[in-house]
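Here the structure comes first, spelled out in structure tokens, and everything after it is commentary.
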Amino acid sequence: MTRDVVIVGAGVEGLSTAHALATSGVTNVVVVDRDAIASGGTGRSAGIVRCHYGVPEIAALARESLTVFSEAEERLGSPVGFEQVGYLVGIGEDNLAAFRASLAAQQALGIDTGEVGHDVAAALWPVAELDDFASFAFEPQGGYADGYATAHAFAGSARSLGTTVTQGTAVASIEVRGDAVTGVRLADGTGIATDAVVVAASAWSVPLLSPLGIELPITPYLVQEVLIDPGVDLGARPVFSDMVSKQYVHQRGHELLFGDSGGFERPIPDPDRYPTHAEDAAIERCAEKALHRFPGIADPSVKTTSTGMIDVTPDWNPIISATGIDGLFVAAGFSGHGFKIAPAVGRLMADIVLGRPSSVPDVPTETFRLSRYDEGAPVLSKFPYVGASKIR
């Protein structure tokens, strides 16, 4: 079997890359996954869609991706569960200067966002305690979507253009002759000949590339979230990023999904082995923060919990890059931010594979190159927030 491109990983990054290649006329492509579509981080994503980033190139990727989320049925032929309820972020006094500089940079990129006062925030979240915030920003076009549905929408559209998606097929190794890719070897011993391989397998990309002398600086981290039943109908509320209590919340049906954004993620040794339910300490921390922030919810109760794994790089920004081996590419290390930028990541990765200039405005192809770590040139926020990840 011979393919023009083999993509390893049927998460939203790999599938959006396949879709971008197919719309560019490269359809002799196969996406292979050891499990099923969206069985990794994509299917466990909180699905938040926003453009509020201090890294301009990430903000631009999110801006371009927003159009795809909002026009998914037209562009992909299937809905992705996008609820355009808006995105609200609240910050404390210690982050006010960085916040305003970041907003100005986002607006310069054409992102629909702006600073709003306590009165607007209170109307958006009437059950919230807001006195300890200095200010807020609101993105009316933000919201949340469904990771599983989004991955399947990309897969369905790519398949309709000629791409093959093969599930339950593990890649054992990438075959190289000299300094160029020649194919992949599957776990069943069969092979696929190709001169282009895109590894988009999250933290599982590390052991796949290591035998080739490519050491990805990616560490798997545990993420824990809690689903709370508020006991009342809150109506449609925007996603809320609380940069004072360091938490995020969005509705998932009647319930509210809470996650901790205060740096409590922790490394785990194996991306296949982590707790399937949130630990007691995480639940208690979440409940304490939720009760502080939302005293207007009279009788909340924990409905269930969920856990997941994110693939974290030293600068908390992705690797979207060629490697030192001709025909070998990587899209990994998204550090928990991959879903909201995935549609544009696929375009950027396709551009890199095809050796053409970036088709994503404001995002050069070299921005997220793997070599930046050896060069001492990490991609960092231009407007870092105190107590936030480096991508903010």
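Residue numbering restarts at 1 for every chain of the structure tokens, chains are lettered A, B, ... in their displayed order, and ligands are numbered from 1 as they appear.
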
Pick out the residues sitting within 12 Å of range 69-84 of chain A, and hand them over as a ChimeraX atom specification; count only C-alpha atoms, and ignore anything fewer than 2 positions along from it in its own chain.
-> /A:12,15-16,19-20,23,47-50,62-67,86-87,139-161,236-239,250-253,339-344

Tell me which of A:Leu222, A:Ala134, A:Val206, A:Val198 sits closest to Ile320 in chain A, counting only C-alpha atoms.
-> A:Val198

For CA of Ser24 in chain A and CA of Pro361 in chain A, quote the distance in Å rounded to one decimal.
->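 Between these atoms lies a distance of 17.2 Å.
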
One-decimal distance in Å that lies between CA of Cys51 in chain A and CA of Leu124 in chain A = 18.6 Å

Between CA of Val120 in chain A and CA of Gly338 in chain A, measure the distance and give it in Å to one decimal.
-> 29.4 Å

Would you kindly return, as a ChimeraX atom specification, each protein, DNA or RNA residue with an atom no farther than 12 Å from any atom of Leu291 in chain A, considering only C-alpha atoms and excluding same-chain residues fewer than 3 positions away?
-> /A:127-129,228,230,245,247,258,284-288,294-302

Generate a file of the selected residues that holds C-alpha atoms, formatted as a PDB file, in the first residue's frame.
ATOM      1  CA  VAL A 127     -25.443  34.230  40.362  1.00  0.00           C
ATOM      2  CA  ALA A 128     -21.734  35.103  40.529  1.00  0.00           C
ATOM      3  CA  GLU A 129     -19.800  37.041  43.169  1.00  0.00           C
ATOM      4  CA  ILE A 228     -21.907  20.251  39.205  1.00  0.00           C
ATOM      5  CA  PRO A 230     -26.690  23.833  40.182  1.00  0.00           C
ATOM      6  CA  SER A 245      -9.930  32.056  41.645  1.00  0.00           C
ATOM      7  CA  GLN A 247     -11.020  28.223  37.413  1.00  0.00           C
ATOM      8  CA  PHE A 258     -15.722  23.250  36.390  1.00  0.00           C
ATOM      9  CA  GLU A 284     -12.759  19.679  47.293  1.00  0.00           C
ATOM     10  CA  ARG A 285     -10.684  22.407  45.654  1.00  0.00           C
ATOM     11  CA  CYS A 286     -13.222  22.768  42.857  1.00  0.00           C
ATOM     12  CA  ALA A 287     -16.164  22.871  45.271  1.00  0.00           C
ATOM     13  CA  GLU A 288     -14.476  25.520  47.415  1.00  0.00           C
ATOM     14  CA  PHE A 294     -21.247  31.373  42.687  1.00  0.00           C
ATOM     15  CA  PRO A 295     -23.016  31.992  45.994  1.00  0.00           C
ATOM     16  CA  GLY A 296     -26.222  32.534  44.037  1.00  0.00           C
ATOM     17  CA  ILE A 297     -26.418  28.796  43.389  1.00  0.00           C
ATOM     18  CA  ALA A 298     -28.309  27.759  46.486  1.00  0.00           C
ATOM     19  CA  ASP A 299     -28.048  23.963  46.452  1.00  0.00           C
ATOM     20  CA  PRO A 300     -25.258  22.687  44.172  1.00  0.00           C
ATOM     21  CA  SER A 301     -24.249  19.034  44.077  1.00  0.00           C
ATOM     22  CA  VAL A 302     -21.458  17.122  42.388  1.00  0.00           C
TER      23      VAL A 302
END

Could you find all residues in range 66-217 of chain A that DSSP calls strand (DSSP E or B) from the backbone, and write them as an mmCIF file with N, CA and C atoms, in the first residue's frame?
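Listed below is the output, states_10.cif:
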data_model
loop_
_atom_site.group_PDB
_atom_site.id
_atom_site.type_symbol
_atom_site.label_atom_id
_atom_site.label_comp_id
_atom_site.auth_asym_id
_atom_site.auth_seq_id
_atom_site.Cartn_x
_atom_site.Cartn_y
_atom_site.Cartn_z
ATOM 1 N N GLU A 83 -22.095 25.959 20.720
ATOM 2 C CA GLU A 83 -23.032 26.839 21.407
ATOM 3 C C GLU A 83 -22.345 28.198 21.553
ATOM 4 N N TYR A 87 -17.838 34.291 25.632
ATOM 5 C CA TYR A 87 -16.744 33.930 26.527
ATOM 6 C C TYR A 87 -16.404 35.148 27.384
ATOM 7 N N LEU A 88 -16.482 34.966 28.690
ATOM 8 C CA LEU A 88 -16.214 36.030 29.658
ATOM 9 C C LEU A 88 -14.959 35.679 30.443
ATOM 10 N N VAL A 89 -14.040 36.624 30.572
ATOM 11 C CA VAL A 89 -12.866 36.415 31.406
ATOM 12 C C VAL A 89 -12.777 37.557 32.410
ATOM 13 N N GLY A 90 -12.534 37.200 33.663
ATOM 14 C CA GLY A 90 -12.409 38.192 34.716
ATOM 15 C C GLY A 90 -11.015 38.157 35.306
ATOM 16 N N ILE A 91 -10.432 39.325 35.560
ATOM 17 C CA ILE A 91 -9.058 39.392 36.064
ATOM 18 C C ILE A 91 -8.978 40.277 37.307
ATOM 19 N N GLY A 114 -13.752 42.901 23.917
ATOM 20 C CA GLY A 114 -13.626 44.224 24.511
ATOM 21 C C GLY A 114 -13.800 44.174 26.012
ATOM 22 N N GLU A 115 -13.280 45.182 26.664
ATOM 23 C CA GLU A 115 -13.397 45.277 28.111
ATOM 24 C C GLU A 115 -14.814 45.692 28.486
ATOM 25 N N VAL A 116 -15.355 45.031 29.504
ATOM 26 C CA VAL A 116 -16.689 45.365 30.004
ATOM 27 C C VAL A 116 -16.612 45.526 31.519
ATOM 28 N N SER A 135 -11.639 43.831 36.414
ATOM 29 C CA SER A 135 -12.287 44.099 35.139
ATOM 30 C C SER A 135 -12.573 42.781 34.421
ATOM 31 N N PHE A 136 -13.238 42.916 33.273
ATOM 32 C CA PHE A 136 -13.646 41.748 32.501
ATOM 33 C C PHE A 136 -13.464 42.032 31.015
ATOM 34 N N ALA A 137 -13.359 40.957 30.242
ATOM 35 C CA ALA A 137 -13.454 41.049 28.783
ATOM 36 C C ALA A 137 -14.524 40.078 28.328
ATOM 37 N N PHE A 138 -15.201 40.439 27.257
ATOM 38 C CA PHE A 138 -16.254 39.575 26.732
ATOM 39 C C PHE A 138 -16.081 39.403 25.239
ATOM 40 N N GLU A 139 -16.077 38.148 24.814
ATOM 41 C CA GLU A 139 -16.063 37.778 23.395
ATOM 42 C C GLU A 139 -17.444 37.224 23.039
ATOM 43 N N GLY A 143 -17.640 30.525 22.952
ATOM 44 C CA GLY A 143 -18.595 29.549 23.469
ATOM 45 C C GLY A 143 -17.934 28.206 23.676
ATOM 46 N N TYR A 144 -18.626 27.149 23.299
ATOM 47 C CA TYR A 144 -18.063 25.809 23.433
ATOM 48 C C TYR A 144 -18.675 24.893 22.383
ATOM 49 N N THR A 164 -8.815 8.284 3.637
ATOM 50 C CA THR A 164 -9.148 7.067 4.373
ATOM 51 C C THR A 164 -8.834 7.273 5.850
ATOM 52 N N VAL A 165 -9.746 6.870 6.719
ATOM 53 C CA VAL A 165 -9.518 6.905 8.161
ATOM 54 C C VAL A 165 -9.609 5.480 8.667
ATOM 55 N N THR A 166 -8.513 4.983 9.224
ATOM 56 C CA THR A 166 -8.436 3.597 9.673
ATOM 57 C C THR A 166 -8.284 3.562 11.182
ATOM 58 N N VAL A 171 0.430 2.229 14.925
ATOM 59 C CA VAL A 171 1.696 2.376 14.217
ATOM 60 C C VAL A 171 2.815 1.957 15.160
ATOM 61 N N ALA A 172 3.599 0.950 14.752
ATOM 62 C CA ALA A 172 4.699 0.465 15.583
ATOM 63 C C ALA A 172 5.953 1.292 15.393
ATOM 64 N N SER A 173 6.189 1.756 14.161
ATOM 65 C CA SER A 173 7.408 2.514 13.906
ATOM 66 C C SER A 173 7.263 3.314 12.625
ATOM 67 N N ILE A 174 8.082 4.333 12.528
ATOM 68 C CA ILE A 174 8.198 5.118 11.301
ATOM 69 C C ILE A 174 9.471 4.674 10.600
ATOM 70 N N GLU A 175 9.359 4.320 9.345
ATOM 71 C CA GLU A 175 10.490 3.783 8.604
ATOM 72 C C GLU A 175 11.246 4.910 7.897
ATOM 73 N N VAL A 176 12.563 4.871 8.035
ATOM 74 C CA VAL A 176 13.421 5.912 7.479
ATOM 75 C C VAL A 176 14.595 5.259 6.753
ATOM 76 N N ARG A 177 14.944 5.824 5.606
ATOM 77 C CA ARG A 177 16.164 5.421 4.919
ATOM 78 C C ARG A 177 17.018 6.660 4.715
ATOM 79 N N ALA A 180 15.445 10.399 5.154
ATOM 80 C CA ALA A 180 14.102 10.607 4.603
ATOM 81 C C ALA A 180 13.154 9.495 5.010
ATOM 82 N N VAL A 181 11.901 9.849 5.206
ATOM 83 C CA VAL A 181 10.847 8.893 5.521
ATOM 84 C C VAL A 181 10.550 8.000 4.317
ATOM 85 N N THR A 182 10.327 6.721 4.590
ATOM 86 C CA THR A 182 9.918 5.798 3.521
ATOM 87 C C THR A 182 8.566 5.136 3.798
ATOM 88 N N GLY A 183 8.083 5.221 5.043
ATOM 89 C CA GLY A 183 6.793 4.618 5.340
ATOM 90 C C GLY A 183 6.585 4.442 6.826
ATOM 91 N N VAL A 184 5.537 3.721 7.167
ATOM 92 C CA VAL A 184 5.273 3.355 8.562
ATOM 93 C C VAL A 184 5.056 1.861 8.643
ATOM 94 N N ARG A 185 5.453 1.286 9.767
ATOM 95 C CA ARG A 185 5.233 -0.126 10.047
ATOM 96 C C ARG A 185 4.133 -0.229 11.082
ATOM 97 N N LEU A 186 3.085 -1.021 10.777
ATOM 98 C CA LEU A 186 1.958 -1.177 11.689
ATOM 99 C C LEU A 186 2.221 -2.298 12.673
ATOM 100 N N GLY A 191 2.959 -2.803 6.308
ATOM 101 C CA GLY A 191 3.508 -1.467 6.169
ATOM 102 C C GLY A 191 2.732 -0.617 5.192
ATOM 103 N N ILE A 192 2.941 0.677 5.308
ATOM 104 C CA ILE A 192 2.384 1.631 4.354
ATOM 105 C C ILE A 192 3.552 2.463 3.832
ATOM 106 N N ALA A 193 3.770 2.419 2.530
ATOM 107 C CA ALA A 193 4.843 3.213 1.930
ATOM 108 C C ALA A 193 4.371 4.649 1.729
ATOM 109 N N VAL A 197 4.961 11.698 6.562
ATOM 110 C CA VAL A 197 4.253 11.234 7.753
ATOM 111 C C VAL A 197 4.040 12.424 8.688
ATOM 112 N N VAL A 198 2.802 12.609 9.130
ATOM 113 C CA VAL A 198 2.473 13.626 10.135
ATOM 114 C C VAL A 198 2.131 12.900 11.427
ATOM 115 N N VAL A 199 2.900 13.143 12.469
ATOM 116 C CA VAL A 199 2.629 12.527 13.765
ATOM 117 C C VAL A 199 1.828 13.527 14.597
#

Nearest to Ile352 in chain A: which of A:Ala281, A:Ala290, A:Ala196, A:Ala170 is it, counting only C-alpha atoms?
->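 Between A:Ala281, A:Ala290, A:Ala196, A:Ala170, the residue approaching Ile352 in chain A most closely is A:Ala196.
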